[in-house]
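Below: one structure, written as structure tokens.
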Protein chains: 4
Amino acid sequence: MDGGIELVAGAFDINPRKSKQMGRHLNIDPKRAYKTYEDMIEGELRRPEGERIDFVSITTPNNWHFPIAKAFLEAGFHVLCEKPMTFNTGEARQLRKIVKKSRRVFALTHNYTGYPMVKLAKDMVRQGELGTIRKIVVQYPQGWLAHEIHCQQADWRTDPKQSGAGGCIGDIGTHAENLAEYMTGLRITEVCADLSSFVKGRKLDDDANVLLHFQKGVKGILHASQISIGEENNLAIWIYGDQKGLEWHQEHPNSLYVKPQNGPEEIWKRGNDYIGSQSPAAARATRLPAGHPEAFIEAFANIYCNAADTIRARIQRKRPDPLALDFPTVDDGLRGMLFIETVVKSARSRQKWVKMPKA
Amino acid sequence: MDGGIELVAGAFDINPRKSKQMGRHLNIDPKRAYKTYEDMIEGELRRPEGERIDFVSITTPNNWHFPIAKAFLEAGFHVLCEKPMTFNTGEARQLRKIVKKSRRVFALTHNYTGYPMVKLAKDMVRQGELGTIRKIVVQYPQGWLAHEIHCQQADWRTDPKQSGAGGCIGDIGTHAENLAEYMTGLRITEVCADLSSFVKGRKLDDDANVLLHFQKGVKGILHASQISIGEENNLAIWIYGDQKGLEWHQEHPNSLYVKPQNGPEEIWKRGNDYIGSQSPAAARATRLPAGHPEAFIEAFANIYCNAADTIRARIQRKRPDPLALDFPTVDDGLRGMLFIETVVKSARSRQKWVKMPKA
Amino acid sequence: MDGGIELVAGAFDINPRKSKQMGRHLNIDPKRAYKTYEDMIEGELRRPEGERIDFVSITTPNNWHFPIAKAFLEAGFHVLCEKPMTFNTGEARQLRKIVKKSRRVFALTHNYTGYPMVKLAKDMVRQGELGTIRKIVVQYPQGWLAHEIHCQQADWRTDPKQSGAGGCIGDIGTHAENLAEYMTGLRITEVCADLSSFVKGRKLDDDANVLLHFQKGVKGILHASQISIGEENNLAIWIYGDQKGLEWHQEHPNSLYVKPQNGPEEIWKRGNDYIGSQSPAAARATRLPAGHPEAFIEAFANIYCNAADTIRARIQRKRPDPLALDFPTVDDGLRGMLFIETVVKSARSRQKWVKMPKA
Amino acid sequence: MDGGIELVAGAFDINPRKSKQMGRHLNIDPKRAYKTYEDMIEGELRRPEGERIDFVSITTPNNWHFPIAKAFLEAGFHVLCEKPMTFNTGEARQLRKIVKKSRRVFALTHNYTGYPMVKLAKDMVRQGELGTIRKIVVQYPQGWLAHEIHCQQADWRTDPKQSGAGGCIGDIGTHAENLAEYMTGLRITEVCADLSSFVKGRKLDDDANVLLHFQKGVKGILHASQISIGEENNLAIWIYGDQKGLEWHQEHPNSLYVKPQNGPEEIWKRGNDYIGSQSPAAARATRLPAGHPEAFIEAFANIYCNAADTIRARIQRKRPDPLALDFPTVDDGLRGMLFIETVVKSARSRQKWVKMPKA
């Protein structure tokens, strides 16, 4: 999107022939459209330094994240990886060790934290604009899995062998968890969860309602769903401090609502000078002037840009811009996995409060 | 509002002198501005039949609802009463018996069910428009008690001696509970609750997060708050069936959002012919043409109108219009009290699931 | 609505029998349900002073406004009258003289100026919050007359013998004109108009697009329509100064949008303390706390309340509260009639700019 | 954005050194970062066929569009050009001849027609969903030029030597005009305009209010502004037929509002299957699933994609996909220039109706 990253190689499909085809479609050098990820590592390592890929982006079903990430990291490549980070927390803990040891950049695509107004919200919370945080409500309702459907996107997500222990709570619940922790800097300490599978024969949860306790006595609710018909991708968050409240909606990402106790509600709008004054991170994540809406792709690209800037600095043995370090890491990934595990445990134990294990 | 009810007598304040004053202000016959509710009963009974009040409206703090309602019912008067219905469930059960025995009309002012679009939603659910209900999200955030404040409205609401066991959950949580049950006809069967008091020294909860189980395997969330700064009176509900979802917001009460699985979202708007075709109850609750917004007072008046029409029919020994019977009753009041009690019990037991007792 | 006005007499229908019926329905003393407005004047005058009506409210088709208003004013009664004020400007000028001579209160029900947020907007403009006004956009689209329909409300509005020279421009265009002038205190100086009749056989305009010049070089646009299908009663206004802009929508009347040059957009919400600090007139026009929405009926009642308070003060030979004088007068009514006449003249002359005559 | 177009050469600045710099920044072969557009043509022609650029994209101030477009077209290159197309209508007519003669693809970046929901609206109108069109309201208010400011974007836009006869009406008014004609297929036949320059010393209009007549008796209003403080890029359109109305807002581009006469208002949302069924052009212009918002960049890219697909087909001597031909052409550009000229003429003649000349 911004000309800073070039796609030069890949293993684009579990079917080697399709990978080749996709390579052609993408105008990739045919030699670098690999049959498997192992071939890819081998092939790239065979190339002279400086002509290899700098990093790999892992966008497979969850069960493949760990082996692929491990292999690339251990081969010396930086890694961008889809969320949830691994199949289970065991892998997540291992991966964290591998990342630390490898000294490579590992970025997790919790893409919603790439939105400028999310970064503004985070900065406002940190700067104390809201006062002491008291309550967080975060939701992520979707309706697309309200019935049994079969397609590439649906199949692996509803298969515990590919997805792991969490269905809805893993696929989108972790985005909600990550967003709440990212914006507030507060960690969830315990959860009390109610998971359901409404669609007959579905093995994983497709609806999740969770009570949350955060650090510092902050209370919260998280609800996520794949059976909420009419909802598309309605991630939204409300944060209430003892001075102000705020509200953000992913489907209308260019506005942040800020609500003082006795004064007009404010709509902060992306792309204006006053945004940049409050949040350099938001300004950095902005491409277009106010009123020229930016959306999902740009937010996703912001995660890539920051990770790529950090990787580029590493390669050039420079210090990265501190703002470039603003992307989700292996620690966020581990927290997401612990969250899934803890929610599932709470739900299975008939909704007792369960503490989040230490990362 | 509609000329069907005349205010002719009252005990308007716990301070007899103020009651007299208010009577003058309201142009009430000074003899009928009573010092106490007991005086009022006595005074009205002394008047010839046909010149007495037909019904009384009880709008005191919660702890006075029961004795006053009891006294008027036993004296033969019909009663409209504020919610929550009583101080505790014991009183609520007694009151139910008294109402049944008295054969008088008892109406509870769960005023939000008076909105035309709420009635439309109820009728759409009953008619199967949404298919089988799966999930209900209902919220009632306010921010006005985010800090310690002192005024008539705040004082009794935060005093357990006047309010009862529930603070926020009693004052507004019961509206949310009632709205969900009214719209869907489904009863809450068990709850798992997290209550908090954020304001120092406050004895009752000012924030409530509750997981819900309804009949027929329906799952839900209810959250209510008095410390959510920037929220005014943001009662809202989302109901998801296996065919459609719907959404309604009290602060924008003239629209009902209906969302099919694969079709445009619909905004049903009060006052149009197509509303009346779907819901005669909504049409009956409508005074103005489309685009001429109606709001809180009109919805409140609708509860009064239906109750008054029913009382009028009783007095005239006629059958009331079946649509006039659409107002909250002593049974709804008892459910509300059981809900408060069960939520408090769940919260005190550290958030175990607790079953709603039989009414 | 507020207990300050009692309906005690009337001539409720052009058909005397129906007038009697309506009187019964309204619980009016049968003697005071008059056959004609002439009877009403005579009958009321025959009653002892102090037992007569204080004012009359004229809600007939336009062609009857003048004779009725004239008769009541000359008989010594105060008058509230529907808009547009008269059948033509000749009558309007005469009526103004009659009002001045009669020394009675004459109020015109441009009801939309009764909304609290409209009063706030007016006060903000006057206080210079927007800086120097530059541009005004005001719209009033409706769709209910998009086809030939026959009903009481539609018939007289589309009949030039009852409505006068303006159709849409008279019925709703004058509301838009009045709103713009009320909020800004600026008078329209000339207009350039395009009127259309889209429905076959319709004799009056059902769609109006008008360029406006206001005093002080302010530019504007007014468009109104009765054939804009899907629009209900979508009166809305945007005012732009050289410091801020503002925006208000009748269908969501509890919010006023205020937009600074480089700062977050603000949503000012009815019922909050900060509203009253900015605008005592808005506070006075408010009955319910924030978040408990008020709407059309309350706004309409505010016109009645202010006029009635003024009338009451006259009767009691007191000075009215200055804020009570905030209701549309015979001068506003004359301006409305001149506006209709000028727009029609401009449209007939094939859209030349035509100056508004002096009132 | 989609991998179908590669930036390989350019003359990036009127200052040759800056052009070189920008070339480096963009990772362009230094030889192909040209000092001037003439050098670029010469340089590219010198390269072997197949290694030259396929098309050029002209994004200079308006006064440069014509000479550059002419030069590239005559050298055999395809051209994408910013709007308004030329400095005046004389150039526009010439350019049209040159395009026809050159047999090259010429695309104009009226980027707002690249939005999927705009394409859906167009298809709905063509398919008769709205019935016979009656009225069009189109607006384009901005506030960024409300005061004298100096920056690259502002300077040339307010300079008649670079911008041409229109300021606001040329820069954004033409977008509004193009959007209305694109969606409805109806041509503006005459205009009656009021242009203003509110900022002291500004030579071009910064505010435009225009009455419109379209073919077939359709009436309209267009207003555009650069001094409407608080407005960012608020292009929006309302189209009313005799069966339905529709509404679209550029700042919330993923929704299209469709309003039947007696039925719920509908919100059609990008990315759903039912959109594609109604409009293959909308589906083709869509990259992401529903709820994953797309915005300005993607819409702009859609114009590029369609033009590039058409150019690619020409190069490959294939028939382009008929849907690829959906991009603005030299004819649209000429209409835009005639619109500017006619509006200015009407405004100068003190707002007489002026007919749009034949293209």
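If you're wondering about the labels, chains in the structure tokens are A, B, ... by order shown, residues count from 1 in each chain, ligands from 1 in order shown.
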Which neighbours of Gly245 of chain C fall inside 7 Å, counting only C-alpha atoms, when residues of the same chain fewer than 2 positions from it are skipped, and could you give them as a short mmCIF file (atom, residue, chain, number, x, y, z; two decimals) with N, CA and C atoms, in the first residue's frame?
```
data_model
loop_
_atom_site.label_atom_id
_atom_site.label_comp_id
_atom_site.auth_asym_id
_atom_site.auth_seq_id
_atom_site.Cartn_x
_atom_site.Cartn_y
_atom_site.Cartn_z
N LEU C 130 -20.42 31.46 16.90
CA LEU C 130 -20.09 31.01 15.54
C LEU C 130 -19.26 32.04 14.79
N ILE C 239 -25.82 26.10 9.91
CA ILE C 239 -25.42 27.51 9.92
C ILE C 239 -23.90 27.56 10.05
N TYR C 240 -23.27 28.33 9.17
CA TYR C 240 -21.81 28.41 9.17
C TYR C 240 -21.37 29.84 9.43
N GLY C 241 -20.60 30.01 10.50
CA GLY C 241 -19.98 31.29 10.76
C GLY C 241 -18.51 31.24 10.38
N VAL C 258 -22.24 21.19 17.12
CA VAL C 258 -21.46 22.43 17.04
C VAL C 258 -20.06 22.05 16.59
N LYS C 259 -19.56 22.74 15.56
CA LYS C 259 -18.33 22.31 14.91
C LYS C 259 -17.32 23.44 14.82
N PRO C 260 -16.29 23.35 15.64
CA PRO C 260 -15.23 24.37 15.57
C PRO C 260 -14.31 24.11 14.38
N SER D 228 -17.45 26.14 4.82
CA SER D 228 -18.45 25.62 5.75
C SER D 228 -17.72 24.94 6.90
N ILE D 229 -17.37 25.74 7.88
CA ILE D 229 -16.52 25.27 8.98
C ILE D 229 -17.12 24.06 9.67
N GLY D 230 -16.27 23.08 9.90
CA GLY D 230 -16.71 21.87 10.57
C GLY D 230 -17.05 20.76 9.59
#
```
Requested in this report: For chain A, work out the contacting residues on chain B at 8 Å, counting only C-alpha atoms, and write them as a PyMOL selection string.
Outcome: chain B and resi 134-135+143+146-147+194+198+209-211+220-221+227-231+240-245+259-262+265+351-353
Restrict the selected residues to C-alpha atoms and save them as a PDB file, in the first residue's frame.
```pdb
ATOM      1  CA  ARG B 134     -30.961 -17.219  20.538  1.00  0.00           C
ATOM      2  CA  LYS B 135     -29.375 -14.241  22.225  1.00  0.00           C
ATOM      3  CA  GLY B 143     -23.417   8.409  34.302  1.00  0.00           C
ATOM      4  CA  ALA B 146     -20.439   8.755  38.884  1.00  0.00           C
ATOM      5  CA  HIS B 147     -19.555  10.931  41.848  1.00  0.00           C
ATOM      6  CA  ASP B 194     -20.957  -8.946  39.182  1.00  0.00           C
ATOM      7  CA  PHE B 198     -17.353   2.546  42.527  1.00  0.00           C
ATOM      8  CA  ASN B 209     -22.767  -6.812  34.827  1.00  0.00           C
ATOM      9  CA  VAL B 210     -24.898  -9.910  34.543  1.00  0.00           C
ATOM     10  CA  LEU B 211     -24.817 -13.073  32.449  1.00  0.00           C
ATOM     11  CA  GLY B 220     -28.008 -13.075  27.332  1.00  0.00           C
ATOM     12  CA  ILE B 221     -26.118 -10.236  28.861  1.00  0.00           C
ATOM     13  CA  ILE B 227     -21.137   5.540  36.788  1.00  0.00           C
ATOM     14  CA  SER B 228     -20.713   5.352  33.008  1.00  0.00           C
ATOM     15  CA  ILE B 229     -19.817   8.974  32.460  1.00  0.00           C
ATOM     16  CA  GLY B 230     -21.249  10.491  29.308  1.00  0.00           C
ATOM     17  CA  GLU B 231     -24.127   8.057  29.141  1.00  0.00           C
ATOM     18  CA  TYR B 240     -30.987 -12.162  17.756  1.00  0.00           C
ATOM     19  CA  GLY B 241     -33.078 -14.973  16.339  1.00  0.00           C
ATOM     20  CA  ASP B 242     -32.043 -17.612  13.850  1.00  0.00           C
ATOM     21  CA  GLN B 243     -33.675 -15.593  11.044  1.00  0.00           C
ATOM     22  CA  LYS B 244     -33.255 -11.934  11.933  1.00  0.00           C
ATOM     23  CA  GLY B 245     -31.873  -9.602  14.557  1.00  0.00           C
ATOM     24  CA  LYS B 259     -31.711  -7.052  10.301  1.00  0.00           C
ATOM     25  CA  PRO B 260     -32.247 -10.031   8.040  1.00  0.00           C
ATOM     26  CA  GLN B 261     -29.520 -12.569   7.315  1.00  0.00           C
ATOM     27  CA  ASN B 262     -28.912 -11.623   3.695  1.00  0.00           C
ATOM     28  CA  GLU B 265     -30.986  -3.672   7.311  1.00  0.00           C
ATOM     29  CA  GLN B 351     -20.661 -14.813  40.964  1.00  0.00           C
ATOM     30  CA  LYS B 352     -22.046 -18.275  40.957  1.00  0.00           C
ATOM     31  CA  TRP B 353     -24.983 -18.969  38.728  1.00  0.00           C
TER      32      TRP B 353
END
```
Report task. Report the residues of segment 111-281 of chain B whose backbone DSSP state falls under helix (DSSP H, G or I), written as a PyMOL selection string. Result -> chain B and resi 111-114+116-126+152-157+160-163+168-184+215-217+273-278+280-281
Report task. Excluding segment 5-14 of chain C and any residue of its chain fewer than 3 positions from it, enumerate the residues within 6 Å of it, using only C-alpha atoms, and give them as a VMD selection string. Result -> chain C and resid 18 to 19 28 32 to 37
Requested in this report: Just the residues within 8 Å of segment 295-301 of chain A, please, counting only C-alpha atoms, with nothing from its chain fewer than 3 positions along; format it as JSON, numbers by chain.
Outcome: {"A": [1, 109, 111, 112, 113, 114, 115, 116, 253, 254, 285, 304, 305], "D": [292, 293, 294, 295]}
Requested in this report: Can you check which residues of segment 81-325 of chain C DSSP gives as strand (DSSP E or B) on the backbone and send them as a PyMOL selection string?
Outcome: chain C and resi 81+106-108+133-141+188-196+207-214+219-225+236-241+244-249+255-260+265-269
Residue contacts of segment 272-276 of chain B (9 Å, only C-alpha atoms) excluding same-chain residues fewer than 3 positions away, as a PDB file with C-alpha atoms, in the first residue's frame:
```pdb
ATOM      1  CA  MET B 117     -41.517   0.619  18.711  1.00  0.00           C
ATOM      2  CA  LEU B 120     -43.762  -3.418  17.496  1.00  0.00           C
ATOM      3  CA  TRP B 268     -38.944   0.721  10.899  1.00  0.00           C
ATOM      4  CA  LYS B 269     -40.212   4.173  11.778  1.00  0.00           C
ATOM      5  CA  SER B 279     -48.615  -4.109  15.213  1.00  0.00           C
ATOM      6  CA  PRO B 280     -51.996  -2.689  16.236  1.00  0.00           C
ATOM      7  CA  ALA B 281     -50.519  -2.160  19.717  1.00  0.00           C
ATOM      8  CA  ALA B 282     -47.868   0.134  18.257  1.00  0.00           C
ATOM      9  CA  ALA B 283     -50.494   2.037  16.275  1.00  0.00           C
ATOM     10  CA  ARG B 284     -52.648   2.433  19.375  1.00  0.00           C
ATOM     11  CA  PRO B 289     -47.634  11.222  12.178  1.00  0.00           C
ATOM     12  CA  ALA B 290     -44.269   9.875  11.075  1.00  0.00           C
TER      13      ALA B 290
ATOM     14  CA  ASN D 262     -44.693   2.926   2.655  1.00  0.00           C
ATOM     15  CA  GLY D 263     -42.170   0.517   4.088  1.00  0.00           C
ATOM     16  CA  PRO D 264     -39.126   0.518   6.290  1.00  0.00           C
TER      17      PRO D 264
END
```
Report task. Grab the atom CA of Leu80 of chain B to atom CA of Asn234 of chain B distance for me, in Å with one decimal place. Result ->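 Interatomic distance, atom CA of Leu80 of chain B to atom CA of Asn234 of chain B: 25.0 Å.
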Query raised in the report: Hey, can you check how far atom CA of Ser255 of chain A sits from atom CA of Phe339 of chain A?
Result: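 Result for atom CA of Ser255 of chain A versus atom CA of Phe339 of chain A: 28.5 Å, one decimal.
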Requested in this report: In Å, rounded to a single decimal, give me how far atom CA of Ile58 of chain C is from atom CA of His25 of chain C.
Outcome: 19.2 Å
Query raised in the report: Near Asp331 of chain D, counting only C-alpha atoms, which residues have an atom at most 9 Å away, once you skip same-chain residues fewer than 2 positions from it, shown as number ranges by chain?
Result: D: 92, 96, 328-329, 333-336, 359
